Amino acid sequence: MTTFRLAHLSDLHLTPPARPFRWEDVTSKRLLSRIAWRRKRYRHLEPVLNAITASIRERAPDHVAITGDLINFATPEEFEAARQWLTGLGPPSDITVSPGNHDALVHRDAPDAFAPWTPWLSDSNEGAFPHVRLRGPVAIINLSSAKPTALHLAQGSLGSAQIERVEAMLRSTGEQGFFRIVLAHHPVASGVVSNRKALTDRADLRAVLARAGAELVLHGHAHEAVLNGVAGPLGAIPVLGVPSASTPAGLAGEQAARWNEIAVSLDHKGFRVQVTAHGVTRDLSVIKLGEFALI
């Protein structure tokens, strides 16, 4: 039996580095987001994220998937700080990043196409989303739902071109016998977040999944542990989300930081999937919370 182990974490919200005040920020969404950060920054702490990543390193998975919101305001300084953080986590070939809405908060002076993170987005280092990365028995299909939105909105969208290309990728990798894992920041299932935060074209993506199939969909954005299913050609496709990887334990109304270890095994009967949840405690230990079989 061959086993491939994937670590899934999301919504890091790395502490923003100091940067000069820019007057143009007053007229952009960054101003509102900075005000919100001052009120909510206790929800995202560097020592918590450090504990989570130390736990991942200890478990030494074959690959790490990060489903967005590495940063907060999409400033050049944040992109560089996150690039350095990713470099410290491991080789780009072992880590895949699917950008989130905070990573695309505004267009102004943000790096084009998440350029500082290019080695962590795909193997080709070029081209538009979606990307596919083949690792052992697994095909990682990397989508980007990250788009700048109006004030008070945290929606995402894929667009018709990306949805059309992902269908071809899913069909091709499925015909080759890969276990297909789809990454996106925004939830694919309905009802996980409010419409103000939703993936606007999720119905179109679900239609593609129903036709072409996938074995697993991973997302973030909701800051909650979520398990749903969407229709596939051979039955329900599991959809799994995780809380923010930097939220401390004990906050009222907030789920503590967690990462999921997803073990994909292949034998003569087909694929089997075991999920083990690892969560942070008040003393910054990371413990096994439980495990369950998906397939």
# chains A, B, ... in the order shown; residues from 1 in each chain; ligands from 1
$ residues_around --residues "range 207-215 of chain A" --least-positions-apart "4" --cutoff "7 Å" --atoms "only C-alpha atoms" --output "list in words"
Glu167, Leu170, Arg171, Phe179, Arg180, Ile181, Ala203, Ala231, Gly232, Pro233 and Ile237 of chain A
$ residues_around --residues "Thr149 in chain A" --least-positions-apart "6" --cutoff "9 Å" --atoms "only C-alpha atoms" --output "number ranges by chain"
A: 29, 101, 104-106, 155-156
$ write_last_selection --atoms "N, CA, C and O atoms" --output "PDB file, in the first residue's frame"
ATOM      1  N   LYS A  29      -9.674  50.058   0.347  1.00  0.00           N
ATOM      2  CA  LYS A  29     -10.209  49.121   1.336  1.00  0.00           C
ATOM      3  C   LYS A  29      -9.209  48.842   2.452  1.00  0.00           C
ATOM      4  O   LYS A  29      -9.577  48.337   3.516  1.00  0.00           O
ATOM      5  N   ASN A 101      -9.048  36.000  -0.156  1.00  0.00           N
ATOM      6  CA  ASN A 101      -9.532  37.353  -0.435  1.00  0.00           C
ATOM      7  C   ASN A 101      -8.643  38.415   0.204  1.00  0.00           C
ATOM      8  O   ASN A 101      -8.444  39.492  -0.374  1.00  0.00           O
ATOM      9  N   ALA A 104      -5.769  39.363  -1.895  1.00  0.00           N
ATOM     10  CA  ALA A 104      -6.128  40.163  -3.075  1.00  0.00           C
ATOM     11  C   ALA A 104      -7.030  41.319  -2.667  1.00  0.00           C
ATOM     12  O   ALA A 104      -7.969  41.664  -3.379  1.00  0.00           O
ATOM     13  N   LEU A 105      -6.734  41.912  -1.512  1.00  0.00           N
ATOM     14  CA  LEU A 105      -7.636  42.915  -0.946  1.00  0.00           C
ATOM     15  C   LEU A 105      -7.865  44.086  -1.890  1.00  0.00           C
ATOM     16  O   LEU A 105      -8.989  44.565  -2.054  1.00  0.00           O
ATOM     17  N   VAL A 106      -6.801  44.575  -2.500  1.00  0.00           N
ATOM     18  CA  VAL A 106      -6.899  45.705  -3.423  1.00  0.00           C
ATOM     19  C   VAL A 106      -5.933  45.478  -4.585  1.00  0.00           C
ATOM     20  O   VAL A 106      -4.980  44.707  -4.486  1.00  0.00           O
ATOM     21  N   GLN A 155     -16.246  38.381  -0.768  1.00  0.00           N
ATOM     22  CA  GLN A 155     -16.625  37.342  -1.718  1.00  0.00           C
ATOM     23  C   GLN A 155     -15.429  36.897  -2.557  1.00  0.00           C
ATOM     24  O   GLN A 155     -14.385  37.552  -2.595  1.00  0.00           O
ATOM     25  N   GLY A 156     -15.612  35.781  -3.224  1.00  0.00           N
ATOM     26  CA  GLY A 156     -14.612  35.295  -4.162  1.00  0.00           C
ATOM     27  C   GLY A 156     -15.288  34.886  -5.451  1.00  0.00           C
ATOM     28  O   GLY A 156     -16.513  34.712  -5.505  1.00  0.00           O
TER      29      GLY A 156
END
$ closest_residue --among "A:Pro119, A:His8, A:Lys40, A:Ala51" --to "Glu254 in chain A" --atoms "only C-alpha atoms"
A:Lys40
$ residues_around --residues "Ile52 in chain A" --least-positions-apart "3" --cutoff "10 Å" --atoms "only C-alpha atoms" --output "list of chain:residue names"
A:Leu9, A:Glu46, A:Pro47, A:Val48, A:Leu49, A:Ser55, A:Ile56, A:Arg57, A:Glu58, A:Ala245, A:Ser246, A:Ala257, A:Arg258, A:Trp259, A:His278, A:Gly279, A:Val280, A:Leu284, A:Ser285, A:Val286, A:Ile287
$ select_by_dssp --residues "range 59-193 of chain A" --states "strand (DSSP E)" --output "MDAnalysis selection string"
chainID A and resid 63:66 95:97 131:135 138:142 179:183
$ write_last_selection --atoms "N, CA and C atoms" --output "PDB file, in the first residue's frame"
ATOM      1  N   HIS A  63       3.364  16.715   1.603  1.00  0.00           N
ATOM      2  CA  HIS A  63       3.038  17.995   0.964  1.00  0.00           C
ATOM      3  C   HIS A  63       2.194  18.820   1.929  1.00  0.00           C
ATOM      4  N   VAL A  64       2.237  20.147   1.755  1.00  0.00           N
ATOM      5  CA  VAL A  64       1.460  21.073   2.575  1.00  0.00           C
ATOM      6  C   VAL A  64       0.582  21.909   1.651  1.00  0.00           C
ATOM      7  N   ALA A  65      -0.711  21.999   1.970  1.00  0.00           N
ATOM      8  CA  ALA A  65      -1.648  22.835   1.221  1.00  0.00           C
ATOM      9  C   ALA A  65      -2.127  23.961   2.125  1.00  0.00           C
ATOM     10  N   ILE A  66      -1.993  25.195   1.655  1.00  0.00           N
ATOM     11  CA  ILE A  66      -2.430  26.380   2.397  1.00  0.00           C
ATOM     12  C   ILE A  66      -3.511  27.067   1.573  1.00  0.00           C
ATOM     13  N   ILE A  95       5.002  22.600  -1.115  1.00  0.00           N
ATOM     14  CA  ILE A  95       3.961  23.465  -0.539  1.00  0.00           C
ATOM     15  C   ILE A  95       3.158  24.085  -1.673  1.00  0.00           C
ATOM     16  N   THR A  96       1.839  24.048  -1.559  1.00  0.00           N
ATOM     17  CA  THR A  96       0.975  24.699  -2.541  1.00  0.00           C
ATOM     18  C   THR A  96       0.101  25.728  -1.845  1.00  0.00           C
ATOM     19  N   VAL A  97       0.061  26.938  -2.398  1.00  0.00           N
ATOM     20  CA  VAL A  97      -0.716  28.043  -1.851  1.00  0.00           C
ATOM     21  C   VAL A  97      -1.862  28.375  -2.805  1.00  0.00           C
ATOM     22  N   HIS A 131      -3.913  25.555 -11.646  1.00  0.00           N
ATOM     23  CA  HIS A 131      -2.663  24.831 -11.837  1.00  0.00           C
ATOM     24  C   HIS A 131      -2.844  23.408 -11.322  1.00  0.00           C
ATOM     25  N   VAL A 132      -2.096  22.496 -11.888  1.00  0.00           N
ATOM     26  CA  VAL A 132      -2.113  21.123 -11.388  1.00  0.00           C
ATOM     27  C   VAL A 132      -0.697  20.729 -11.004  1.00  0.00           C
ATOM     28  N   ARG A 133      -0.563  20.103  -9.851  1.00  0.00           N
ATOM     29  CA  ARG A 133       0.719  19.600  -9.365  1.00  0.00           C
ATOM     30  C   ARG A 133       0.536  18.105  -9.064  1.00  0.00           C
ATOM     31  N   LEU A 134       1.323  17.274  -9.723  1.00  0.00           N
ATOM     32  CA  LEU A 134       1.228  15.831  -9.560  1.00  0.00           C
ATOM     33  C   LEU A 134       2.249  15.377  -8.530  1.00  0.00           C
ATOM     34  N   ARG A 135       1.764  14.736  -7.474  1.00  0.00           N
ATOM     35  CA  ARG A 135       2.620  14.267  -6.393  1.00  0.00           C
ATOM     36  C   ARG A 135       2.209  12.832  -6.032  1.00  0.00           C
ATOM     37  N   VAL A 138      -1.406  11.567  -6.151  1.00  0.00           N
ATOM     38  CA  VAL A 138      -2.314  12.703  -5.970  1.00  0.00           C
ATOM     39  C   VAL A 138      -2.099  13.765  -7.044  1.00  0.00           C
ATOM     40  N   ALA A 139      -3.210  14.308  -7.545  1.00  0.00           N
ATOM     41  CA  ALA A 139      -3.199  15.492  -8.406  1.00  0.00           C
ATOM     42  C   ALA A 139      -3.794  16.643  -7.605  1.00  0.00           C
ATOM     43  N   ILE A 140      -2.975  17.652  -7.315  1.00  0.00           N
ATOM     44  CA  ILE A 140      -3.439  18.824  -6.573  1.00  0.00           C
ATOM     45  C   ILE A 140      -3.881  19.864  -7.594  1.00  0.00           C
ATOM     46  N   ILE A 141      -5.173  20.162  -7.617  1.00  0.00           N
ATOM     47  CA  ILE A 141      -5.745  21.125  -8.559  1.00  0.00           C
ATOM     48  C   ILE A 141      -5.914  22.443  -7.814  1.00  0.00           C
ATOM     49  N   ASN A 142      -5.083  23.416  -8.154  1.00  0.00           N
ATOM     50  CA  ASN A 142      -5.019  24.666  -7.397  1.00  0.00           C
ATOM     51  C   ASN A 142      -5.810  25.770  -8.092  1.00  0.00           C
ATOM     52  N   PHE A 179      -5.723  10.605  -7.583  1.00  0.00           N
ATOM     53  CA  PHE A 179      -6.632  11.071  -6.540  1.00  0.00           C
ATOM     54  C   PHE A 179      -6.630  12.593  -6.614  1.00  0.00           C
ATOM     55  N   ARG A 180      -7.751  13.175  -6.995  1.00  0.00           N
ATOM     56  CA  ARG A 180      -7.800  14.605  -7.307  1.00  0.00           C
ATOM     57  C   ARG A 180      -8.254  15.416  -6.094  1.00  0.00           C
ATOM     58  N   ILE A 181      -7.372  16.318  -5.641  1.00  0.00           N
ATOM     59  CA  ILE A 181      -7.677  17.210  -4.525  1.00  0.00           C
ATOM     60  C   ILE A 181      -7.762  18.635  -5.062  1.00  0.00           C
ATOM     61  N   VAL A 182      -8.916  19.260  -4.900  1.00  0.00           N
ATOM     62  CA  VAL A 182      -9.137  20.626  -5.370  1.00  0.00           C
ATOM     63  C   VAL A 182      -8.930  21.591  -4.210  1.00  0.00           C
ATOM     64  N   LEU A 183      -8.110  22.628  -4.434  1.00  0.00           N
ATOM     65  CA  LEU A 183      -7.855  23.658  -3.419  1.00  0.00           C
ATOM     66  C   LEU A 183      -8.516  24.966  -3.838  1.00  0.00           C
TER      67      LEU A 183
END
$ closest_residue --among "A:Leu234, A:Ile262, A:Ala168, A:Val239" --to "Val217 in chain A" --atoms "only C-alpha atoms"
A:Val239
$ closest_residue --among "A:Gly177, A:Gly100, A:Pro248, A:Gly90" --to "Leu199 in chain A" --atoms "only C-alpha atoms"
A:Gly100
$ closest_residue --among "A:Ala110, A:Leu266, A:Ala236, A:Ala222" --to "Thr75 in chain A" --atoms "only C-alpha atoms"
A:Ala110
$ select_by_dssp --residues "range 59-229 of chain A" --states "alpha helix (DSSP H)" --output "JSON, numbers by chain"
{"A": [59, 76, 77, 78, 79, 80, 81, 82, 83, 84, 85, 86, 87, 88, 89, 118, 119, 120, 121, 160, 161, 162, 163, 164, 165, 166, 167, 168, 169, 170, 171, 172, 173, 174, 175, 202, 203, 204, 205, 206, 207, 208, 209, 210, 211, 212]}
$ write_last_selection --atoms "N, CA and C atoms" --output "CSV table (one decimal), in the first residue's frame"
chain,number,residue,atom,x,y,z
A,59,ARG,N,5.4,16.0,12.1
A,59,ARG,CA,4.8,15.0,11.4
A,59,ARG,C,5.3,14.7,10.0
A,76,PRO,N,2.9,45.3,-0.6
A,76,PRO,CA,4.1,44.7,-1.0
A,76,PRO,C,5.0,44.1,0.1
A,77,GLU,N,5.0,44.9,1.2
A,77,GLU,CA,5.7,44.4,2.4
A,77,GLU,C,5.2,43.1,3.0
A,78,GLU,N,3.9,43.0,3.0
A,78,GLU,CA,3.3,41.7,3.4
A,78,GLU,C,3.6,40.5,2.5
A,79,PHE,N,3.5,40.8,1.2
A,79,PHE,CA,3.9,39.7,0.3
A,79,PHE,C,5.3,39.2,0.5
A,80,GLU,N,6.2,40.2,0.7
A,80,GLU,CA,7.6,39.8,0.9
A,80,GLU,C,7.8,39.0,2.2
A,81,ALA,N,7.1,39.5,3.3
A,81,ALA,CA,7.2,38.8,4.6
A,81,ALA,C,6.6,37.4,4.5
A,82,ALA,N,5.5,37.2,3.7
A,82,ALA,CA,4.9,35.9,3.6
A,82,ALA,C,5.8,35.0,2.7
A,83,ARG,N,6.5,35.6,1.7
A,83,ARG,CA,7.4,34.8,0.9
A,83,ARG,C,8.6,34.3,1.8
A,84,GLN,N,9.1,35.1,2.7
A,84,GLN,CA,10.1,34.6,3.6
A,84,GLN,C,9.6,33.6,4.5
A,85,TRP,N,8.4,33.7,5.0
A,85,TRP,CA,7.8,32.7,5.9
A,85,TRP,C,7.6,31.4,5.1
A,86,LEU,N,7.1,31.4,3.9
A,86,LEU,CA,7.0,30.2,3.1
A,86,LEU,C,8.3,29.5,2.9
A,87,THR,N,9.4,30.3,2.6
A,87,THR,CA,10.7,29.8,2.4
A,87,THR,C,11.2,29.0,3.7
A,88,GLY,N,10.8,29.6,4.9
A,88,GLY,CA,11.2,28.9,6.1
A,88,GLY,C,10.4,27.6,6.3
A,89,LEU,N,9.2,27.5,5.8
A,89,LEU,CA,8.4,26.4,6.0
A,89,LEU,C,8.9,25.2,5.2
A,118,THR,N,5.0,32.9,-6.6
A,118,THR,CA,4.8,32.1,-7.8
A,118,THR,C,5.4,30.6,-7.6
A,119,PRO,N,6.5,30.4,-7.0
A,119,PRO,CA,7.0,29.0,-6.9
A,119,PRO,C,6.1,28.1,-6.1
A,120,TRP,N,5.2,28.7,-5.2
A,120,TRP,CA,4.3,28.0,-4.4
A,120,TRP,C,3.0,27.8,-5.0
A,121,LEU,N,2.7,28.4,-6.1
A,121,LEU,CA,1.4,28.3,-6.8
A,121,LEU,C,1.3,27.2,-7.8
A,160,SER,N,-15.3,32.3,-15.6
A,160,SER,CA,-15.7,31.2,-16.5
A,160,SER,C,-14.5,30.6,-17.2
A,161,ALA,N,-13.4,31.3,-17.4
A,161,ALA,CA,-12.2,30.7,-18.0
A,161,ALA,C,-11.5,29.7,-17.1
A,162,GLN,N,-11.4,30.1,-15.8
A,162,GLN,CA,-10.8,29.2,-14.9
A,162,GLN,C,-11.7,27.9,-14.7
A,163,ILE,N,-13.0,28.1,-14.6
A,163,ILE,CA,-13.9,27.0,-14.4
A,163,ILE,C,-13.8,26.0,-15.6
A,164,GLU,N,-13.7,26.6,-16.8
A,164,GLU,CA,-13.6,25.8,-18.0
A,164,GLU,C,-12.3,25.0,-18.0
A,165,ARG,N,-11.2,25.6,-17.6
A,165,ARG,CA,-9.9,24.9,-17.6
A,165,ARG,C,-9.9,23.8,-16.5
A,166,VAL,N,-10.5,24.1,-15.4
A,166,VAL,CA,-10.4,23.1,-14.3
A,166,VAL,C,-11.2,21.9,-14.7
A,167,GLU,N,-12.3,22.0,-15.5
A,167,GLU,CA,-13.0,20.8,-15.9
A,167,GLU,C,-12.1,19.9,-16.7
A,168,ALA,N,-11.3,20.5,-17.6
A,168,ALA,CA,-10.4,19.7,-18.5
A,168,ALA,C,-9.3,19.0,-17.6
A,169,MET,N,-8.8,19.8,-16.6
A,169,MET,CA,-7.8,19.2,-15.7
A,169,MET,C,-8.4,18.0,-14.9
A,170,LEU,N,-9.6,18.2,-14.4
A,170,LEU,CA,-10.2,17.1,-13.6
A,170,LEU,C,-10.4,15.9,-14.5
A,171,ARG,N,-10.9,16.1,-15.7
A,171,ARG,CA,-11.1,14.9,-16.5
A,171,ARG,C,-9.8,14.2,-16.9
A,172,SER,N,-8.8,15.0,-17.2
A,172,SER,CA,-7.5,14.4,-17.6
A,172,SER,C,-6.9,13.6,-16.5
A,173,THR,N,-6.8,14.3,-15.3
A,173,THR,CA,-6.1,13.6,-14.2
A,173,THR,C,-7.0,12.4,-13.7
A,174,GLY,N,-8.3,12.5,-13.8
A,174,GLY,CA,-9.1,11.4,-13.4
A,174,GLY,C,-8.9,10.2,-14.3
A,175,GLU,N,-8.8,10.4,-15.6
A,175,GLU,CA,-8.6,9.4,-16.6
A,175,GLU,C,-7.2,8.7,-16.3
A,202,ARG,N,-20.0,29.6,-7.2
A,202,ARG,CA,-19.9,28.2,-6.7
A,202,ARG,C,-20.8,27.2,-7.4
A,203,ALA,N,-22.0,27.7,-7.8
A,203,ALA,CA,-22.9,26.7,-8.5
A,203,ALA,C,-22.2,26.2,-9.8
A,204,ASP,N,-21.5,27.1,-10.5
A,204,ASP,CA,-20.8,26.7,-11.7
A,204,ASP,C,-19.7,25.7,-11.4
A,205,LEU,N,-19.0,25.9,-10.4
A,205,LEU,CA,-17.9,25.0,-10.0
A,205,LEU,C,-18.5,23.6,-9.6
A,206,ARG,N,-19.6,23.7,-8.8
A,206,ARG,CA,-20.3,22.4,-8.4
A,206,ARG,C,-20.8,21.7,-9.6
A,207,ALA,N,-21.3,22.4,-10.6
A,207,ALA,CA,-21.7,21.7,-11.9
A,207,ALA,C,-20.6,21.0,-12.5
A,208,VAL,N,-19.4,21.6,-12.5
A,208,VAL,CA,-18.2,20.9,-13.1
A,208,VAL,C,-17.8,19.7,-12.3
A,209,LEU,N,-17.8,19.8,-11.0
A,209,LEU,CA,-17.5,18.7,-10.1
A,209,LEU,C,-18.5,17.6,-10.3
A,210,ALA,N,-19.8,17.9,-10.5
A,210,ALA,CA,-20.8,16.9,-10.7
A,210,ALA,C,-20.5,16.1,-12.0
A,211,ARG,N,-20.0,16.8,-13.0
A,211,ARG,CA,-19.7,16.2,-14.3
A,211,ARG,C,-18.4,15.4,-14.4
A,212,ALA,N,-17.3,16.2,-13.9
A,212,ALA,CA,-16.0,15.6,-14.1
A,212,ALA,C,-15.5,14.9,-12.9
$ atom_distance --atom1 "CA of Val273 in chain A" --atom2 "CA of His223 in chain A"
22.9 Å
$ atom_distance --atom1 "CA of Pro17 in chain A" --atom2 "CA of Ala113 in chain A"
21.0 Å
